[in-house]
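Structure data (mmCIF, C-alpha atoms and all ligand atoms) from coords-v5.cif:
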data_start
#
loop_
_atom_site.group_PDB
_atom_site.id
_atom_site.type_symbol
_atom_site.label_atom_id
_atom_site.label_comp_id
_atom_site.auth_asym_id
_atom_site.auth_seq_id
_atom_site.Cartn_x
_atom_site.Cartn_y
_atom_site.Cartn_z
ATOM 1 C CA MET I 224 27.012 14.562 21.751
ATOM 2 C CA ALA I 225 30.045 13.913 23.708
ATOM 3 C CA ASN I 226 33.306 14.344 22.073
ATOM 4 C CA ALA I 227 34.158 10.728 21.840
ATOM 5 C CA HIS I 228 37.357 10.780 20.030
ATOM 6 C CA ILE I 229 40.433 11.373 22.043
ATOM 7 C CA ALA I 230 42.489 14.169 20.853
ATOM 8 C CA PRO I 231 45.997 13.168 20.122
ATOM 9 C CA SER I 232 48.577 14.693 22.313
ATOM 10 C CA PRO I 233 50.000 17.654 20.566
ATOM 11 C CA MET I 234 53.494 16.808 21.606
ATOM 12 C CA GLN I 235 54.559 13.553 20.205
ATOM 13 C CA GLN I 236 56.606 11.932 22.835
ATOM 14 C CA PRO I 237 59.865 10.840 21.428
ATOM 15 C CA HIS I 238 60.106 7.156 21.324
ATOM 16 C CA GLN I 239 62.424 6.417 24.125
ATOM 17 C CA GLU I 240 64.650 3.570 23.495
ATOM 18 C CA TYR I 241 65.568 1.764 26.549
ATOM 19 C CA PRO I 242 68.724 -0.132 26.074
ATOM 20 C CA GLU I 243 67.499 -3.605 26.582
ATOM 21 C CA LYS I 244 70.015 -5.652 28.295
ATOM 22 C CA VAL I 245 70.133 -9.011 26.809
ATOM 23 C CA TYR I 246 70.031 -11.360 29.659
ATOM 24 C CA GLY I 247 69.415 -14.349 27.538
ATOM 25 C CA HIS I 248 70.184 -17.560 29.226
ATOM 26 C CA PRO I 249 73.335 -17.212 31.142
ATOM 27 C CA GLN I 250 74.951 -20.511 31.344
ATOM 28 C CA MET I 251 74.798 -21.549 34.901
ATOM 29 C CA PRO I 252 78.064 -23.016 35.878
ATOM 30 C CA PRO I 253 77.733 -26.330 37.604
ATOM 31 C CA GLN I 254 77.549 -25.810 41.274
ATOM 32 C CA GLN I 255 80.945 -26.076 42.624
ATOM 33 C CA ARG I 256 80.857 -28.170 45.660
ATOM 34 C CA SER I 257 82.891 -26.461 48.223
ATOM 35 C CA ALA I 258 83.610 -29.080 50.737
ATOM 36 C CA SER I 259 84.488 -26.618 53.407
ATOM 37 C CA SER I 260 81.310 -24.607 53.202
ATOM 38 C CA GLN I 261 78.835 -27.270 52.247
ATOM 39 C CA PHE I 262 78.425 -28.573 55.727
ATOM 40 C CA ARG I 263 78.161 -26.104 58.483
ATOM 41 C CA GLN I 264 78.787 -28.541 61.182
ATOM 42 C CA ALA I 265 80.894 -31.576 61.120
ATOM 43 C CA VAL I 266 80.241 -34.643 63.110
ATOM 44 C CA ALA I 267 82.940 -35.775 65.409
ATOM 45 C CA ILE I 268 84.315 -39.032 64.172
ATOM 46 C CA PRO I 269 83.549 -40.898 67.419
ATOM 47 C CA ASN I 270 79.953 -39.775 67.033
ATOM 48 C CA LEU I 271 79.488 -41.314 63.640
ATOM 49 C CA GLY I 272 76.560 -43.594 63.197
ATOM 50 C CA MET I 273 75.263 -45.926 60.572
ATOM 51 C CA SER I 274 74.671 -43.308 57.940
ATOM 52 C CA PRO I 275 77.033 -40.956 56.149
ATOM 53 C CA ALA I 276 77.804 -37.745 57.953
ATOM 54 C CA PRO I 277 79.994 -34.714 57.327
ATOM 55 C CA VAL I 278 83.249 -35.002 59.135
ATOM 56 C CA ASP I 279 86.468 -33.094 59.240
ATOM 57 C CA CYS I 280 88.973 -35.509 57.885
ATOM 58 C CA PRO I 281 92.126 -35.514 59.988
ATOM 59 C CA ALA I 282 94.094 -36.888 57.087
ATOM 60 C CA CYS I 283 93.339 -34.372 54.363
ATOM 61 C CA GLY I 284 91.639 -31.639 56.365
ATOM 62 C CA GLN I 285 88.600 -31.569 54.143
ATOM 63 C CA ARG I 286 85.092 -31.548 55.449
ATOM 64 C CA SER I 287 83.187 -34.008 53.399
ATOM 65 C CA MET I 288 80.488 -36.562 53.616
ATOM 66 C CA THR I 289 81.752 -39.935 54.568
ATOM 67 C CA ASN I 290 81.415 -42.833 52.240
ATOM 68 C CA VAL I 291 79.984 -45.745 54.078
ATOM 69 C CA SER I 292 80.380 -49.344 53.247
ATOM 70 C CA TYR I 293 78.927 -52.282 55.012
ATOM 71 C CA HIS I 294 81.081 -55.075 56.105
ATOM 72 C CA THR I 295 80.210 -58.374 57.472
ATOM 73 C CA GLY I 296 81.445 -58.540 60.980
ATOM 74 C CA ASN I 297 81.863 -61.433 63.298
ATOM 75 C CA THR I 298 78.446 -60.877 64.700
ATOM 76 C CA THR I 299 76.954 -61.474 61.307
ATOM 77 C CA HIS I 300 78.532 -64.876 61.213
ATOM 78 C CA VAL I 301 77.201 -65.560 64.656
ATOM 79 C CA TRP I 302 73.737 -64.583 63.602
ATOM 80 C CA ALA I 303 74.121 -66.659 60.485
ATOM 81 C CA GLY I 304 75.045 -69.599 62.597
ATOM 82 C CA VAL I 305 72.146 -68.996 64.919
ATOM 83 C CA ALA I 306 69.747 -68.575 62.062
ATOM 84 C CA CYS I 307 71.134 -71.666 60.404
ATOM 85 C CA CYS I 308 70.643 -73.685 63.553
ATOM 86 C CA LEU I 309 67.172 -72.378 64.060
ATOM 87 C CA THR I 310 65.838 -72.608 60.596
ATOM 88 C CA GLY I 311 68.335 -74.313 58.446
ATOM 89 C CA LEU I 312 67.094 -72.215 55.628
ATOM 90 C CA LEU I 313 67.451 -68.600 56.513
ATOM 91 C CA CYS I 314 71.124 -68.640 57.262
ATOM 92 C CA PHE I 315 71.726 -66.231 54.440
ATOM 93 C CA VAL I 316 69.381 -63.632 55.850
ATOM 94 C CA PRO I 317 71.878 -61.966 58.178
ATOM 95 C CA TYR I 318 74.161 -61.403 55.241
ATOM 96 C CA LEU I 319 71.435 -59.419 53.564
ATOM 97 C CA MET I 320 70.763 -57.236 56.530
ATOM 98 C CA ASN I 321 72.911 -54.176 56.621
ATOM 99 C CA SER I 322 71.805 -53.549 60.147
ATOM 100 C CA LEU I 323 73.830 -56.515 61.197
ATOM 101 C CA LYS I 324 76.934 -55.323 59.503
ATOM 102 C CA ASP I 325 79.648 -53.006 60.503
ATOM 103 C CA VAL I 326 79.695 -49.662 58.796
ATOM 104 C CA GLN I 327 82.996 -48.316 57.619
ATOM 105 C CA HIS I 328 83.262 -44.593 57.163
ATOM 106 C CA ARG I 329 85.748 -43.376 54.646
ATOM 107 C CA CYS I 330 86.663 -39.821 53.901
ATOM 108 C CA GLY I 331 84.711 -38.529 50.940
ATOM 109 C CA SER I 332 87.742 -36.609 49.767
ATOM 110 C CA CYS I 333 90.755 -38.790 50.255
ATOM 111 C CA GLY I 334 89.121 -42.097 51.016
ATOM 112 C CA VAL I 335 91.045 -42.815 54.165
ATOM 113 C CA LEU I 336 89.314 -45.141 56.565
ATOM 114 C CA LEU I 337 88.113 -42.937 59.363
ATOM 115 C CA ALA I 338 86.067 -45.118 61.598
ATOM 116 C CA THR I 339 84.075 -48.289 61.813
ATOM 117 C CA TRP I 340 80.677 -48.280 63.391
ATOM 118 C CA HIS I 341 79.812 -51.498 65.057
ATOM 119 C CA LYS I 342 76.390 -52.799 65.670
ATOM 120 C CA SER I 343 76.968 -52.579 69.355
ATOM 121 C CA GLY I 344 77.115 -48.813 68.930
ATOM 122 C CA VAL I 345 80.843 -48.649 69.449
ATOM 123 C CA VAL I 346 82.658 -46.488 66.988
ATOM 124 C CA GLU I 347 86.161 -47.620 66.330
ATOM 125 C CA VAL I 348 88.146 -44.580 65.328
ATOM 126 C CA HIS I 349 90.892 -45.409 62.891
ATOM 127 C CA MET I 350 92.040 -41.915 62.125
ATOM 128 C CA HIS I 351 92.666 -39.605 65.010
ATOM 129 C CA GLY I 352 93.020 -35.920 64.507
HETATM 130 ZN ZN ZN F 1 90.325 -37.108 53.900
#

Starting from the coordinates I provided, produce the structure as structure tokens.
Ligand SMILES: [Zn+2]
Amino acid sequence: MANAHIAPSPMQQPHQEYPEKVYGHPQMPPQQRSASSQFRQAVAIPNLGMSPAPVDCPACGQRSMTNVSYHTGNTTHVWAGVACCLTGLLCFVPYLMNSLKDVQHRCGSCGVLLATWHKSGVVEVHMHG
């Protein structure tokens, strides 16, 4: 017969109370967008393309993503005219195509017009550093 029952430890270990830190649910503050550290590298304004890019704004000094807006340039009207002559129906199509429009980059912080990207690939810099 094996001694099946486990003998209780003669020394009752004192119940150690670990101070439980209440972590709970710390309220995460909304991520503060630090414009200066959000983008490691800024894009030079003359190198802007069709899409938004982080630039160092010469006006306000903030590095922020540009806000782009599409504007109908002269070329769009030309294409509209061409399309109108060709089809007579699809003259509105060029106005729906952003790729045929100029892209204006505005500073995401102060909103100053920084540059306009033209379909020809030329970037017209409005704000020089
Ligand atoms: Zn700015």

Requested in this report: Tell me, in Å to one decimal, how far CA of Gln264 (chain I) is from CA of Asp279 (chain I).
Outcome: 9.1 Å

Requested in this report: Identify which of the residues I:Cys308, I:Met273, I:Met288, I:Val346 lies closest to ligand ZN 1 (chain F), counting all atoms listed in the file when measuring atom-to-atom distances.
Outcome: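 Residue with the minimum atom-to-atom distance to ligand ZN 1 (chain F): I:Met288.
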
Restrict the calculation to all atoms listed in the file, then for each residue of chain I with any atom at most 8 Å from an atom of ligand ZN 1 (chain F) give the closest atom pair and their distance in Å to one decimal, rows by chain and rising residue number, as a Markdown table.
| residue | atom | partner | partner_atom | distance |
| --- | --- | --- | --- | --- |
| I:Asp279 | CA | F:ZN1 | ZN | 7.7 |
| I:Cys280 | CA | F:ZN1 | ZN | 4.5 |
| I:Pro281 | CA | F:ZN1 | ZN | 6.5 |
| I:Ala282 | CA | F:ZN1 | ZN | 4.9 |
| I:Cys283 | CA | F:ZN1 | ZN | 4.1 |
| I:Gly284 | CA | F:ZN1 | ZN | 6.1 |
| I:Gln285 | CA | F:ZN1 | ZN | 5.8 |
| I:Arg286 | CA | F:ZN1 | ZN | 7.8 |
| I:Ser287 | CA | F:ZN1 | ZN | 7.8 |
| I:Arg329 | CA | F:ZN1 | ZN | 7.8 |
| I:Cys330 | CA | F:ZN1 | ZN | 4.6 |
| I:Gly331 | CA | F:ZN1 | ZN | 6.5 |
| I:Ser332 | CA | F:ZN1 | ZN | 4.9 |
| I:Cys333 | CA | F:ZN1 | ZN | 4.0 |
| I:Gly334 | CA | F:ZN1 | ZN | 5.9 |
| I:Val335 | CA | F:ZN1 | ZN | 5.8 |

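Checking I:His300, I:His294, I:Lys324, I:His341 one by one against Leu271 (chain I), counting all atoms listed in the file, you find the shortest gap at I:His341.
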
Query - Long-range neighbours of Gly344 (chain I) as number ranges by chain, 12 Å cut-off, all atoms listed in the file, 3 positions minimum in chain - result: I: 269-273, 322-326, 339-341, 347

Query raised in the report: Can you list, as a list in words, the residues that the PyMOL selection byres (((chain I and resi 349) around 6) and not hetatm) selects here?
Result: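 With the shown file as input, the PyMOL selection byres (((chain I and resi 349) around 6) and not hetatm) matches Leu337, Ala338, Val348 and Met350 of chain I.
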
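Put simply, CA of Pro277 (chain I) is 6.2 Å away from CA of Thr289 (chain I).
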
Query raised in the report: So how far away is CA of Ala276 (chain I) from CA of His351 (chain I), in Å?
Result: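 Going from CA of His351 (chain I) over to CA of Ala276 (chain I), I get 16.6 Å.
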